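So this one's final_39.pdb, PDB, C-alpha atoms, pLDDT in the B column:
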ATOM      1  CA  MET A   1     -13.723   4.139  39.338  1.00 54.00           C
ATOM      2  CA  ASN A   2      -9.972   4.317  38.772  1.00 60.00           C
ATOM      3  CA  ASP A   3      -8.307   5.032  35.436  1.00 68.00           C
ATOM      4  CA  GLU A   4      -7.658   1.375  34.651  1.00 71.00           C
ATOM      5  CA  GLU A   5     -11.274   0.420  35.299  1.00 71.00           C
ATOM      6  CA  SER A   6     -12.486   3.253  33.064  1.00 81.00           C
ATOM      7  CA  ARG A   7     -10.378   1.794  30.219  1.00 91.00           C
ATOM      8  CA  LEU A   8     -11.887  -1.690  30.467  1.00 92.00           C
ATOM      9  CA  PRO A   9     -14.365  -2.562  27.713  1.00 94.00           C
ATOM     10  CA  PRO A  10     -17.634  -4.255  28.751  1.00 94.00           C
ATOM     11  CA  GLY A  11     -17.241  -7.809  30.042  1.00 93.00           C
ATOM     12  CA  GLN A  12     -13.460  -7.609  30.509  1.00 93.00           C
ATOM     13  CA  TYR A  13     -11.337  -8.085  33.646  1.00 91.00           C
ATOM     14  CA  VAL A  14      -7.678  -7.551  34.575  1.00 90.00           C
ATOM     15  CA  PRO A  15      -5.927 -10.851  35.398  1.00 87.00           C
ATOM     16  CA  ARG A  16      -2.859 -11.469  37.496  1.00 79.00           C
ATOM     17  CA  GLY A  17       0.234 -11.529  35.339  1.00 71.00           C
ATOM     18  CA  ARG A  18       0.194 -11.592  31.553  1.00 75.00           C
ATOM     19  CA  PRO A  19      -1.531 -14.682  30.157  1.00 71.00           C
ATOM     20  CA  VAL A  20      -0.307 -16.026  26.819  1.00 73.00           C
ATOM     21  CA  ILE A  21      -2.727 -17.754  24.457  1.00 69.00           C
ATOM     22  CA  HIS A  22      -1.914 -19.036  21.009  1.00 68.00           C
ATOM     23  CA  TYR A  23      -2.984 -21.650  18.516  1.00 68.00           C
ATOM     24  CA  GLY A  24      -0.472 -24.315  17.518  1.00 73.00           C
ATOM     25  CA  ARG A  25       3.201 -24.573  18.318  1.00 82.00           C
ATOM     26  CA  VAL A  26       5.702 -21.722  18.555  1.00 88.00           C
ATOM     27  CA  PRO A  27       7.687 -21.449  15.299  1.00 91.00           C
ATOM     28  CA  GLN A  28      11.467 -21.140  15.131  1.00 91.00           C
ATOM     29  CA  PHE A  29      12.913 -17.933  13.704  1.00 94.00           C
ATOM     30  CA  ARG A  30      15.636 -18.382  11.078  1.00 93.00           C
ATOM     31  CA  PRO A  31      16.760 -14.862  10.132  1.00 92.00           C
ATOM     32  CA  ALA A  32      18.862 -16.000   7.158  1.00 92.00           C
ATOM     33  CA  THR A  33      15.833 -17.429   5.339  1.00 94.00           C
ATOM     34  CA  TRP A  34      12.954 -15.495   6.927  1.00 96.00           C
ATOM     35  CA  ASP A  35      11.121 -13.044   4.710  1.00 97.00           C
ATOM     36  CA  PHE A  36       8.028 -10.846   4.736  1.00 98.00           C
ATOM     37  CA  ARG A  37       5.799 -10.553   1.686  1.00 98.00           C
ATOM     38  CA  VAL A  38       3.118  -8.176   0.495  1.00 98.00           C
ATOM     39  CA  PHE A  39       0.841  -9.580  -2.201  1.00 98.00           C
ATOM     40  CA  GLY A  40      -2.715  -9.505  -3.472  1.00 98.00           C
ATOM     41  CA  ASP A  41      -4.062  -6.306  -5.004  1.00 98.00           C
ATOM     42  CA  THR A  42      -0.804  -4.363  -5.028  1.00 98.00           C
ATOM     43  CA  GLU A  43      -0.479  -1.226  -7.122  1.00 98.00           C
ATOM     44  CA  SER A  44       2.201  -2.854  -9.299  1.00 97.00           C
ATOM     45  CA  GLY A  45       0.473  -6.219  -9.506  1.00 97.00           C
ATOM     46  CA  GLU A  46       3.652  -7.793  -8.157  1.00 97.00           C
ATOM     47  CA  THR A  47       4.542  -9.483  -4.857  1.00 98.00           C
ATOM     48  CA  HIS A  48       6.936  -7.451  -2.705  1.00 98.00           C
ATOM     49  CA  ARG A  49       9.499  -9.302  -0.564  1.00 98.00           C
ATOM     50  CA  PHE A  50      11.468  -7.919   2.394  1.00 98.00           C
ATOM     51  CA  THR A  51      14.265  -9.586   4.352  1.00 97.00           C
ATOM     52  CA  TRP A  52      14.604  -9.320   8.117  1.00 96.00           C
ATOM     53  CA  PRO A  53      17.545  -6.860   7.863  1.00 96.00           C
ATOM     54  CA  GLU A  54      15.456  -4.655   5.571  1.00 97.00           C
ATOM     55  CA  LEU A  55      12.593  -4.546   8.063  1.00 96.00           C
ATOM     56  CA  GLU A  56      14.979  -3.827  10.925  1.00 94.00           C
ATOM     57  CA  LYS A  57      16.017  -0.608   9.175  1.00 96.00           C
ATOM     58  CA  LEU A  58      12.498   0.848   9.113  1.00 97.00           C
ATOM     59  CA  PRO A  59      11.818   3.817  11.439  1.00 97.00           C
ATOM     60  CA  ARG A  60      10.584   2.772  14.876  1.00 96.00           C
ATOM     61  CA  THR A  61       7.814   4.234  16.985  1.00 96.00           C
ATOM     62  CA  SER A  62       6.142   3.329  20.298  1.00 97.00           C
ATOM     63  CA  VAL A  63       2.513   3.005  21.341  1.00 96.00           C
ATOM     64  CA  LEU A  64       1.192   2.700  24.898  1.00 96.00           C
ATOM     65  CA  ALA A  65      -1.987   0.674  24.692  1.00 95.00           C
ATOM     66  CA  ASP A  66      -4.204  -1.839  26.461  1.00 94.00           C
ATOM     67  CA  PHE A  67      -4.737  -5.326  25.039  1.00 94.00           C
ATOM     68  CA  HIS A  68      -8.138  -7.034  25.128  1.00 94.00           C
ATOM     69  CA  CYS A  69      -8.555 -10.781  24.623  1.00 93.00           C
ATOM     70  CA  VAL A  70     -11.921 -12.130  23.468  1.00 94.00           C
ATOM     71  CA  THR A  71     -11.698 -14.650  26.347  1.00 92.00           C
ATOM     72  CA  LYS A  72     -12.398 -11.584  28.538  1.00 93.00           C
ATOM     73  CA  PHE A  73      -9.054 -10.687  30.102  1.00 91.00           C
ATOM     74  CA  SER A  74      -7.362  -7.362  29.401  1.00 93.00           C
ATOM     75  CA  ILE A  75      -3.663  -6.577  29.855  1.00 92.00           C
ATOM     76  CA  MET A  76      -3.343  -2.898  30.601  1.00 92.00           C
ATOM     77  CA  GLY A  77      -0.643  -0.365  29.768  1.00 92.00           C
ATOM     78  CA  ASN A  78       1.597  -2.227  27.324  1.00 94.00           C
ATOM     79  CA  GLU A  79       4.380  -0.291  25.641  1.00 96.00           C
ATOM     80  CA  TRP A  80       4.674  -1.710  22.148  1.00 97.00           C
ATOM     81  CA  ARG A  81       7.526  -0.721  19.850  1.00 98.00           C
ATOM     82  CA  GLY A  82       7.884  -1.382  16.156  1.00 98.00           C
ATOM     83  CA  PHE A  83       7.146   0.175  12.797  1.00 98.00           C
ATOM     84  CA  SER A  84       3.939   1.627  11.424  1.00 98.00           C
ATOM     85  CA  PRO A  85       1.942  -0.162   8.728  1.00 98.00           C
ATOM     86  CA  LEU A  86       2.239   3.111   6.829  1.00 98.00           C
ATOM     87  CA  GLU A  87       5.892   2.213   6.207  1.00 98.00           C
ATOM     88  CA  ILE A  88       4.829  -0.954   4.404  1.00 98.00           C
ATOM     89  CA  LEU A  89       2.094   0.857   2.480  1.00 98.00           C
ATOM     90  CA  ALA A  90       4.695   3.346   1.239  1.00 97.00           C
ATOM     91  CA  LEU A  91       7.132   0.631   0.141  1.00 98.00           C
ATOM     92  CA  ALA A  92       4.479  -1.669  -1.328  1.00 98.00           C
ATOM     93  CA  PRO A  93       1.456   0.488  -2.249  1.00 98.00           C
ATOM     94  CA  PRO A  94      -1.981  -1.104  -2.576  1.00 98.00           C
ATOM     95  CA  ALA A  95      -4.076  -0.738  -5.699  1.00 98.00           C
ATOM     96  CA  ASP A  96      -7.000   1.645  -5.763  1.00 96.00           C
ATOM     97  CA  GLY A  97     -10.040   0.087  -4.157  1.00 96.00           C
ATOM     98  CA  VAL A  98      -8.208  -1.987  -1.527  1.00 98.00           C
ATOM     99  CA  ASN A  99     -10.305  -1.809   1.642  1.00 97.00           C
ATOM    100  CA  HIS A 100      -9.102  -4.747   3.755  1.00 98.00           C
ATOM    101  CA  VAL A 101      -5.883  -6.522   4.617  1.00 98.00           C
ATOM    102  CA  MET A 102      -5.454 -10.206   5.373  1.00 98.00           C
ATOM    103  CA  ILE A 103      -2.590 -10.662   7.832  1.00 98.00           C
ATOM    104  CA  TRP A 104      -0.902 -14.031   7.329  1.00 98.00           C
ATOM    105  CA  ALA A 105       1.244 -15.830   9.904  1.00 96.00           C
ATOM    106  CA  GLU A 106       3.242 -19.025  10.200  1.00 93.00           C
ATOM    107  CA  TYR A 107       1.279 -22.256   9.605  1.00 90.00           C
ATOM    108  CA  GLY A 108      -1.348 -20.459   7.497  1.00 89.00           C
ATOM    109  CA  TYR A 109      -3.025 -18.631  10.375  1.00 93.00           C
ATOM    110  CA  SER A 110      -4.702 -15.390   9.282  1.00 96.00           C
ATOM    111  CA  ALA A 111      -6.912 -12.495  10.373  1.00 97.00           C
ATOM    112  CA  ASN A 112      -8.675  -9.922   8.222  1.00 98.00           C
ATOM    113  CA  VAL A 113      -8.833  -6.256   9.221  1.00 98.00           C
ATOM    114  CA  ARG A 114     -10.338  -3.227   7.579  1.00 97.00           C
ATOM    115  CA  MET A 115      -7.804  -0.858   6.030  1.00 98.00           C
ATOM    116  CA  THR A 116      -9.044   1.846   8.402  1.00 97.00           C
ATOM    117  CA  ASP A 117      -8.057  -0.384  11.358  1.00 98.00           C
ATOM    118  CA  PHE A 118      -4.754  -1.386   9.755  1.00 98.00           C
ATOM    119  CA  THR A 119      -3.765   2.275   9.313  1.00 98.00           C
ATOM    120  CA  ALA A 120      -5.145   3.494  12.672  1.00 97.00           C
ATOM    121  CA  PRO A 121      -2.594   5.446  14.761  1.00 93.00           C
ATOM    122  CA  GLY A 122      -2.163   2.684  17.373  1.00 95.00           C
ATOM    123  CA  THR A 123      -1.614  -0.207  14.962  1.00 98.00           C
ATOM    124  CA  LEU A 124       1.990  -1.421  14.750  1.00 98.00           C
ATOM    125  CA  PHE A 125       4.172  -4.175  13.418  1.00 98.00           C
ATOM    126  CA  VAL A 126       5.707  -4.972  16.798  1.00 97.00           C
ATOM    127  CA  THR A 127       9.201  -6.173  17.626  1.00 97.00           C
ATOM    128  CA  GLU A 128       9.424  -5.111  21.311  1.00 96.00           C
ATOM    129  CA  LEU A 129       7.233  -5.068  24.405  1.00 95.00           C
ATOM    130  CA  ASP A 130       8.170  -2.884  27.373  1.00 93.00           C
ATOM    131  CA  ASP A 131      11.691  -2.183  26.058  1.00 93.00           C
ATOM    132  CA  LYS A 132      12.511  -5.853  25.418  1.00 94.00           C
ATOM    133  CA  PRO A 133      12.228  -7.986  22.287  1.00 95.00           C
ATOM    134  CA  ILE A 134       8.913  -9.781  22.268  1.00 95.00           C
ATOM    135  CA  THR A 135       9.248 -13.397  23.347  1.00 93.00           C
ATOM    136  CA  PRO A 136       8.667 -16.308  20.945  1.00 92.00           C
ATOM    137  CA  GLU A 137       5.407 -17.121  22.758  1.00 91.00           C
ATOM    138  CA  ARG A 138       4.177 -13.550  22.155  1.00 92.00           C
ATOM    139  CA  GLY A 139       5.042 -13.539  18.474  1.00 93.00           C
ATOM    140  CA  TYR A 140       8.799 -13.065  18.004  1.00 95.00           C
ATOM    141  CA  PRO A 141      10.194 -11.857  15.709  1.00 96.00           C
ATOM    142  CA  LEU A 142       7.200  -9.907  14.354  1.00 98.00           C
ATOM    143  CA  ARG A 143       3.567  -9.511  15.194  1.00 97.00           C
ATOM    144  CA  VAL A 144       0.869  -7.020  14.351  1.00 98.00           C
ATOM    145  CA  VAL A 145      -0.832  -5.247  17.237  1.00 97.00           C
ATOM    146  CA  VAL A 146      -4.247  -3.665  16.625  1.00 98.00           C
ATOM    147  CA  PRO A 147      -4.981  -2.574  20.197  1.00 96.00           C
ATOM    148  CA  HIS A 148      -8.448  -1.127  19.585  1.00 96.00           C
ATOM    149  CA  LEU A 149      -9.731  -4.546  18.415  1.00 97.00           C
ATOM    150  CA  TYR A 150      -9.929  -7.913  20.179  1.00 97.00           C
ATOM    151  CA  ALA A 151      -6.528  -9.548  20.385  1.00 95.00           C
ATOM    152  CA  TRP A 152      -7.031 -12.318  17.808  1.00 95.00           C
ATOM    153  CA  LYS A 153      -6.673  -9.548  15.208  1.00 97.00           C
ATOM    154  CA  SER A 154      -3.168  -8.866  16.629  1.00 96.00           C
ATOM    155  CA  VAL A 155      -1.561 -11.710  14.705  1.00 96.00           C
ATOM    156  CA  LYS A 156       1.632 -13.335  16.002  1.00 95.00           C
ATOM    157  CA  TRP A 157       4.528 -14.607  13.844  1.00 96.00           C
ATOM    158  CA  VAL A 158       3.510 -12.489  10.871  1.00 97.00           C
ATOM    159  CA  ARG A 159       4.946 -13.485   7.487  1.00 98.00           C
ATOM    160  CA  SER A 160       2.864 -11.564   4.957  1.00 98.00           C
ATOM    161  CA  ILE A 161      -0.040  -9.278   4.264  1.00 98.00           C
ATOM    162  CA  GLU A 162      -2.498  -9.596   1.418  1.00 98.00           C
ATOM    163  CA  TYR A 163      -4.287  -6.551   0.039  1.00 98.00           C
ATOM    164  CA  LEU A 164      -7.982  -7.224  -0.514  1.00 98.00           C
ATOM    165  CA  SER A 165     -10.439  -5.258  -2.614  1.00 97.00           C
ATOM    166  CA  GLU A 166     -13.213  -7.450  -1.210  1.00 97.00           C
ATOM    167  CA  ASP A 167     -13.377  -8.589   2.400  1.00 97.00           C
ATOM    168  CA  ARG A 168     -12.725 -12.232   3.272  1.00 97.00           C
ATOM    169  CA  ARG A 169     -12.809 -13.950   6.662  1.00 98.00           C
ATOM    170  CA  GLY A 170      -9.585 -15.101   8.323  1.00 97.00           C
ATOM    171  CA  PHE A 171      -8.877 -18.183  10.443  1.00 95.00           C
ATOM    172  CA  TRP A 172     -10.958 -17.387  13.534  1.00 93.00           C
ATOM    173  CA  GLU A 173     -13.572 -15.418  11.629  1.00 96.00           C
ATOM    174  CA  GLU A 174     -14.286 -18.567   9.600  1.00 96.00           C
ATOM    175  CA  ARG A 175     -14.728 -20.391  12.906  1.00 95.00           C
ATOM    176  CA  GLY A 176     -17.423 -18.154  14.343  1.00 96.00           C
ATOM    177  CA  TYR A 177     -15.681 -15.027  15.581  1.00 96.00           C
ATOM    178  CA  HIS A 178     -16.894 -11.547  14.700  1.00 97.00           C
ATOM    179  CA  ASN A 179     -15.586 -10.057  11.490  1.00 97.00           C
ATOM    180  CA  VAL A 180     -14.895  -6.594  12.986  1.00 96.00           C
ATOM    181  CA  ALA A 181     -14.007  -7.383  16.651  1.00 97.00           C
ATOM    182  CA  ASP A 182     -14.600  -4.076  18.443  1.00 97.00           C
ATOM    183  CA  PRO A 183     -14.295  -4.805  22.207  1.00 97.00           C
ATOM    184  CA  TRP A 184     -16.267  -1.700  23.176  1.00 96.00           C
ATOM    185  CA  ARG A 185     -19.239  -3.115  21.280  1.00 95.00           C
ATOM    186  CA  GLU A 186     -18.515  -6.671  22.496  1.00 96.00           C
ATOM    187  CA  GLN A 187     -18.278  -7.932  18.924  1.00 96.00           C
ATOM    188  CA  ARG A 188     -17.130 -11.403  19.910  1.00 95.00           C
ATOM    189  CA  TYR A 189     -19.044 -13.776  17.632  1.00 95.00           C
ATOM    190  CA  SER A 190     -20.239 -13.823  14.033  1.00 95.00           C
ATOM    191  CA  TYR A 191     -23.904 -14.283  15.008  1.00 95.00           C
ATOM    192  CA  GLN A 192     -23.745 -10.747  16.438  1.00 95.00           C
ATOM    193  CA  GLU A 193     -22.837  -9.199  13.090  1.00 96.00           C
ATOM    194  CA  GLU A 194     -25.050  -6.495  11.689  1.00 95.00           C
ATOM    195  CA  PRO A 195     -25.605  -6.056   7.936  1.00 94.00           C
ATOM    196  CA  GLY A 196     -22.428  -4.729   6.359  1.00 92.00           C
ATOM    197  CA  GLU A 197     -20.098  -5.997   9.117  1.00 94.00           C
ATOM    198  CA  GLY A 198     -19.215  -9.234   7.314  1.00 94.00           C
ATOM    199  CA  PRO A 199     -18.082 -10.128   3.803  1.00 94.00           C
ATOM    200  CA  PRO A 200     -20.698 -10.008   1.033  1.00 84.00           C
TER     201      PRO A 200
END
Let me see whether you can do it: turn the structure in this file into structure tokens.
Amino acid sequence: MNDEESRLPPGQYVPRGRPVIHYGRVPQFRPATWDFRVFGDTESGETHRFTWPELEKLPRTSVLADFHCVTKFSIMGNEWRGFSPLEILALAPPADGVNHVMIWAEYGYSANVRMTDFTAPGTLFVTELDDKPITPERGYPLRVVVPHLYAWKSVKWVRSIEYLSEDRRGFWEERGYHNVADPWREQRYSYQEEPGEGPP
């Protein structure tokens, strides 16, 4: 078994090329009017708003990580570059008791993740892939990448995050996908959920 094969979760395969899958049309980016918001159970009780130039100034870091789609293909060895969610948490702190984040994208698409996954070392707000700006089809100008979970949790075209003190299902989770989405446990569908893995 080579290194790449040892990094494949159960049921996954490596395709030729880099497939792109998304729901709906690709949005247009208008930097003059684009903003990013943090709302929900914030420490201040207020909504925080950031412009694109403000986000561009945040410290950048890189993560080398594989990417696992629930449709069973895995894209190996991606170099993602962007800023850590910890930067946002510092600028817009959550209230005590926040345990999940809902990541909101263009057109109302969303995915919920546990705060422990959102703050994991590999999670990034991504602006570049392999030393180039991410393409519109892959989420330009901003996407979240949570590489240790199935890829639907890595939301494209991110516009806001909502702090949650009680878990709530996002777009695909409401449509039958697993609430947690750990590829190593093949958590693909909601019928596989164990007690405590879904919202109350």
Name the residues that the PyMOL selection byres ((chain A and resi 120) around 12) picks from the file above, as a ChimeraX atom specification, using the file's chain letters and numbers.
/A:63,84-86,113-119,121-124,145-149
Selected by the PyMOL selection byres ((chain A and resi 48-61) around 10) in the shown coordinates: which residues, as a ChimeraX atom specification?
/A:30-40,42,44-47,62-63,80-84,87-88,91-93,124-127,141-142,159-160
Compile the contact shell of A:Ala111 as a list in words: residues with an atom at most 8 Å away, counting all atoms listed in the file, same-chain residues fewer than 2 positions apart removed.
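Result of the neighbour search: Met102, Ile103, Trp104, Tyr109, Val113, Trp152, Lys153, Val155, Arg169, Gly170, Phe171, Trp172 and Glu173 of chain A.
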Create the file for the chosen residues now, containing C-alpha atoms and written as a PDB file, in the frame of the given file.
ATOM      1  CA  MET A 102      -5.454 -10.206   5.373  1.00 98.00           C
ATOM      2  CA  ILE A 103      -2.590 -10.662   7.832  1.00 98.00           C
ATOM      3  CA  TRP A 104      -0.902 -14.031   7.329  1.00 98.00           C
ATOM      4  CA  TYR A 109      -3.025 -18.631  10.375  1.00 93.00           C
ATOM      5  CA  VAL A 113      -8.833  -6.256   9.221  1.00 98.00           C
ATOM      6  CA  TRP A 152      -7.031 -12.318  17.808  1.00 95.00           C
ATOM      7  CA  LYS A 153      -6.673  -9.548  15.208  1.00 97.00           C
ATOM      8  CA  VAL A 155      -1.561 -11.710  14.705  1.00 96.00           C
ATOM      9  CA  ARG A 169     -12.809 -13.950   6.662  1.00 98.00           C
ATOM     10  CA  GLY A 170      -9.585 -15.101   8.323  1.00 97.00           C
ATOM     11  CA  PHE A 171      -8.877 -18.183  10.443  1.00 95.00           C
ATOM     12  CA  TRP A 172     -10.958 -17.387  13.534  1.00 93.00           C
ATOM     13  CA  GLU A 173     -13.572 -15.418  11.629  1.00 96.00           C
TER      14      GLU A 173
END
All residues 12 Å or closer to A:Gln28, only C-alpha atoms, same chain fewer than 6 positions away omitted, as a PyMOL selection string
chain A and resi 34+106-107+135-137+139-141+157
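When all atoms listed in the file are used to measure the gap to A:Arg185, the shortest distance among A:Pro9, A:Asp130, A:Arg18, A:Val158 belongs to A:Pro9.
If you look at atom CA of A:Pro19 and atom CA of A:Val70, they are 12.6 Å away from each other.
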Exactly which residues make up the result of the PyMOL selection byres ((chain A and resi 74) around 8) on this file, given as a ChimeraX atom specification?
/A:8,12-15,66-69,72-73,75-76
Residues at most 7 Å from A:Ala181, counting only C-alpha atoms, excluding those fewer than 4 positions away in the same chain, as a PyMOL selection string?
chain A and resi 149-150+187-188
